[in-house]
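Quick notes on the structure that follows.
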Amino acid sequence: ADATEYGLSAGIVTRDIERAFAFARRVRTGLVKINQPTSGMAMTVPFGGFKESSTQTFKEQAGDSMMLFYTQEKSVYLSP
């Protein structure tokens, strides 16, 4: 899943919840969907890409408010 230069979203379909969470922890994407389609998301959750899907903004280049805006966070959706 990480054999790409981009990291916007990823998904996994499995009955093994431990494997699903291990995937979510390891994959370098800003959004992980477990047993769900990768399209669509709640507009109230943090979202941002990794790798070339990121702005690559670093702390040294921006102030505190800018860093909050560009912080990389990961959202994980799960359907049993």
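We label chains A, B, ... in the order they appear in the structure tokens, count residues from 1 in each chain, and number ligands from 1 in the order shown.
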Problem set entry | 9 Å contact set for range 14-27 of chain A, only C-alpha atoms, chain neighbours under 3 positions out, as an MDAnalysis selection string | chainID A and resid 1:2 7 10:11 30:35 74 76 78 80
Can I get the selection written as a PDB file, in the first residue's frame, with N, CA and C atoms?
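As a result, out.pdb now contains:
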ATOM      1  N   ALA A   1       0.817  -1.203   0.000  1.00  0.00           N
ATOM      2  CA  ALA A   1       0.000   0.000   0.000  1.00  0.00           C
ATOM      3  C   ALA A   1       0.855   1.259   0.000  1.00  0.00           C
ATOM      4  N   ASP A   2       2.063   1.188   0.528  1.00  0.00           N
ATOM      5  CA  ASP A   2       2.928   2.371   0.579  1.00  0.00           C
ATOM      6  C   ASP A   2       3.878   2.465  -0.608  1.00  0.00           C
ATOM      7  N   GLY A   7      -0.005   9.685  -0.562  1.00  0.00           N
ATOM      8  CA  GLY A   7      -0.554   9.112   0.657  1.00  0.00           C
ATOM      9  C   GLY A   7      -1.796   9.830   1.130  1.00  0.00           C
ATOM     10  N   ALA A  10      -6.277   5.327   2.156  1.00  0.00           N
ATOM     11  CA  ALA A  10      -6.086   3.889   1.962  1.00  0.00           C
ATOM     12  C   ALA A  10      -7.257   3.169   2.595  1.00  0.00           C
ATOM     13  N   GLY A  11      -7.471   1.946   2.158  1.00  0.00           N
ATOM     14  CA  GLY A  11      -8.548   1.148   2.725  1.00  0.00           C
ATOM     15  C   GLY A  11      -8.158  -0.310   2.816  1.00  0.00           C
ATOM     16  N   GLY A  30      -3.262   9.912   5.102  1.00  0.00           N
ATOM     17  CA  GLY A  30      -3.999  10.789   6.000  1.00  0.00           C
ATOM     18  C   GLY A  30      -5.375  10.273   6.360  1.00  0.00           C
ATOM     19  N   LEU A  31      -5.865   9.282   5.632  1.00  0.00           N
ATOM     20  CA  LEU A  31      -7.197   8.735   5.875  1.00  0.00           C
ATOM     21  C   LEU A  31      -7.147   7.227   5.673  1.00  0.00           C
ATOM     22  N   VAL A  32      -7.721   6.484   6.608  1.00  0.00           N
ATOM     23  CA  VAL A  32      -7.796   5.032   6.495  1.00  0.00           C
ATOM     24  C   VAL A  32      -9.248   4.613   6.673  1.00  0.00           C
ATOM     25  N   LYS A  33      -9.748   3.828   5.742  1.00  0.00           N
ATOM     26  CA  LYS A  33     -11.103   3.282   5.843  1.00  0.00           C
ATOM     27  C   LYS A  33     -10.980   1.774   6.033  1.00  0.00           C
ATOM     28  N   ILE A  34     -11.663   1.248   7.030  1.00  0.00           N
ATOM     29  CA  ILE A  34     -11.668  -0.181   7.320  1.00  0.00           C
ATOM     30  C   ILE A  34     -13.064  -0.717   7.010  1.00  0.00           C
ATOM     31  N   ASN A  35     -13.132  -1.634   6.071  1.00  0.00           N
ATOM     32  CA  ASN A  35     -14.400  -2.229   5.633  1.00  0.00           C
ATOM     33  C   ASN A  35     -15.392  -1.187   5.148  1.00  0.00           C
ATOM     34  N   LYS A  74      -4.313  11.575  11.229  1.00  0.00           N
ATOM     35  CA  LYS A  74      -4.889  10.426  10.540  1.00  0.00           C
ATOM     36  C   LYS A  74      -6.250  10.119  11.121  1.00  0.00           C
ATOM     37  N   VAL A  76      -9.374   7.311  11.095  1.00  0.00           N
ATOM     38  CA  VAL A  76      -9.632   5.909  10.788  1.00  0.00           C
ATOM     39  C   VAL A  76     -11.127   5.653  10.941  1.00  0.00           C
ATOM     40  N   LEU A  78     -14.140   2.679  10.758  1.00  0.00           N
ATOM     41  CA  LEU A  78     -14.245   1.230  10.931  1.00  0.00           C
ATOM     42  C   LEU A  78     -15.691   0.778  10.817  1.00  0.00           C
ATOM     43  N   PRO A  80     -17.622  -2.869  11.325  1.00  0.00           N
ATOM     44  CA  PRO A  80     -17.385  -4.265  11.724  1.00  0.00           C
ATOM     45  C   PRO A  80     -17.853  -5.255  10.677  1.00  0.00           C
TER      46      PRO A  80
END
Exercise. If we count only C-alpha atoms, what is near Thr4 in chain A at a cut-off of 12 Å, once residues fewer than 4 positions away on the same chain are taken out, given as a ChimeraX atom specification?
Worked result: /A:8-10,27-29,50-53
Those selected residues, please, written with all heavy atoms and delivered as a CSV table (one decimal), in the first residue's frame.
chain,number,residue,atom,x,y,z
A,8,LEU,N,-2.8,10.0,0.3
A,8,LEU,CA,-4.0,10.6,0.6
A,8,LEU,C,-4.9,9.8,1.4
A,8,LEU,O,-5.4,10.1,2.5
A,8,LEU,CB,-4.7,11.2,-0.6
A,8,LEU,CG,-5.8,12.2,-0.4
A,8,LEU,CD1,-5.3,13.4,0.4
A,8,LEU,CD2,-6.4,12.6,-1.7
A,9,SER,N,-5.3,8.6,0.9
A,9,SER,CA,-6.2,7.7,1.6
A,9,SER,C,-5.8,6.2,1.3
A,9,SER,O,-5.2,5.9,0.3
A,9,SER,CB,-7.6,8.0,1.3
A,9,SER,OG,-7.9,7.6,0.0
A,10,ALA,N,-6.3,5.3,2.2
A,10,ALA,CA,-6.1,3.9,2.0
A,10,ALA,C,-7.3,3.2,2.6
A,10,ALA,O,-7.9,3.7,3.5
A,10,ALA,CB,-4.8,3.4,2.6
A,27,VAL,N,0.3,2.3,7.7
A,27,VAL,CA,0.2,2.9,6.3
A,27,VAL,C,0.4,4.4,6.4
A,27,VAL,O,-0.1,5.1,7.4
A,27,VAL,CB,-1.1,2.5,5.7
A,27,VAL,CG1,-2.3,3.2,6.3
A,27,VAL,CG2,-1.1,2.8,4.2
A,28,ARG,N,1.2,5.0,5.5
A,28,ARG,CA,1.5,6.4,5.5
A,28,ARG,C,0.4,7.2,4.6
A,28,ARG,O,0.7,7.6,3.5
A,28,ARG,CB,2.9,6.7,4.9
A,28,ARG,CG,4.0,6.0,5.7
A,28,ARG,CD,4.5,6.8,6.9
A,28,ARG,NE,4.9,8.1,6.4
A,28,ARG,CZ,4.7,9.2,7.1
A,28,ARG,NH1,4.1,9.2,8.2
A,28,ARG,NH2,5.2,10.3,6.6
A,29,THR,N,-0.8,7.3,5.2
A,29,THR,CA,-1.8,8.1,4.5
A,29,THR,C,-2.6,8.9,5.6
A,29,THR,O,-2.5,8.6,6.8
A,29,THR,CB,-2.9,7.1,3.9
A,29,THR,OG1,-3.5,6.3,4.9
A,29,THR,CG2,-2.2,6.2,2.8
A,50,PHE,N,-0.2,12.5,3.3
A,50,PHE,CA,1.2,12.2,3.6
A,50,PHE,C,2.0,12.2,2.3
A,50,PHE,O,1.4,12.2,1.2
A,50,PHE,CB,1.4,10.9,4.3
A,50,PHE,CG,1.0,10.9,5.8
A,50,PHE,CD1,-0.3,11.3,6.1
A,50,PHE,CD2,1.8,10.4,6.8
A,50,PHE,CE1,-0.7,11.3,7.5
A,50,PHE,CE2,1.4,10.4,8.1
A,50,PHE,CZ,0.2,10.8,8.4
A,51,LYS,N,3.3,12.2,2.4
A,51,LYS,CA,4.2,12.1,1.2
A,51,LYS,C,3.9,13.2,0.2
A,51,LYS,O,3.7,14.4,0.6
A,51,LYS,CB,4.1,10.7,0.6
A,51,LYS,CG,4.5,9.6,1.6
A,51,LYS,CD,4.6,8.3,0.8
A,51,LYS,CE,3.4,7.4,1.2
A,51,LYS,NZ,3.5,6.1,0.6
A,52,GLU,N,3.7,12.9,-1.1
A,52,GLU,CA,3.5,13.9,-2.1
A,52,GLU,C,2.0,14.5,-2.0
A,52,GLU,O,1.7,15.4,-2.8
A,52,GLU,CB,3.8,13.4,-3.5
A,52,GLU,CG,5.3,13.2,-3.7
A,52,GLU,CD,6.1,14.4,-3.5
A,52,GLU,OE1,5.7,15.5,-4.0
A,52,GLU,OE2,7.2,14.3,-2.8
A,53,SER,N,1.2,13.9,-1.2
A,53,SER,CA,-0.2,14.4,-1.0
A,53,SER,C,-0.2,15.4,0.2
A,53,SER,O,-1.2,15.9,0.6
A,53,SER,CB,-1.1,13.3,-0.7
A,53,SER,OG,-1.3,12.4,-1.7
Seminar exercise, completed: Using only C-alpha atoms, the residue out of A:Glu5, A:Pro37, A:Ser54, A:Gly49 with shortest distance to Tyr77 in chain A is A:Pro37
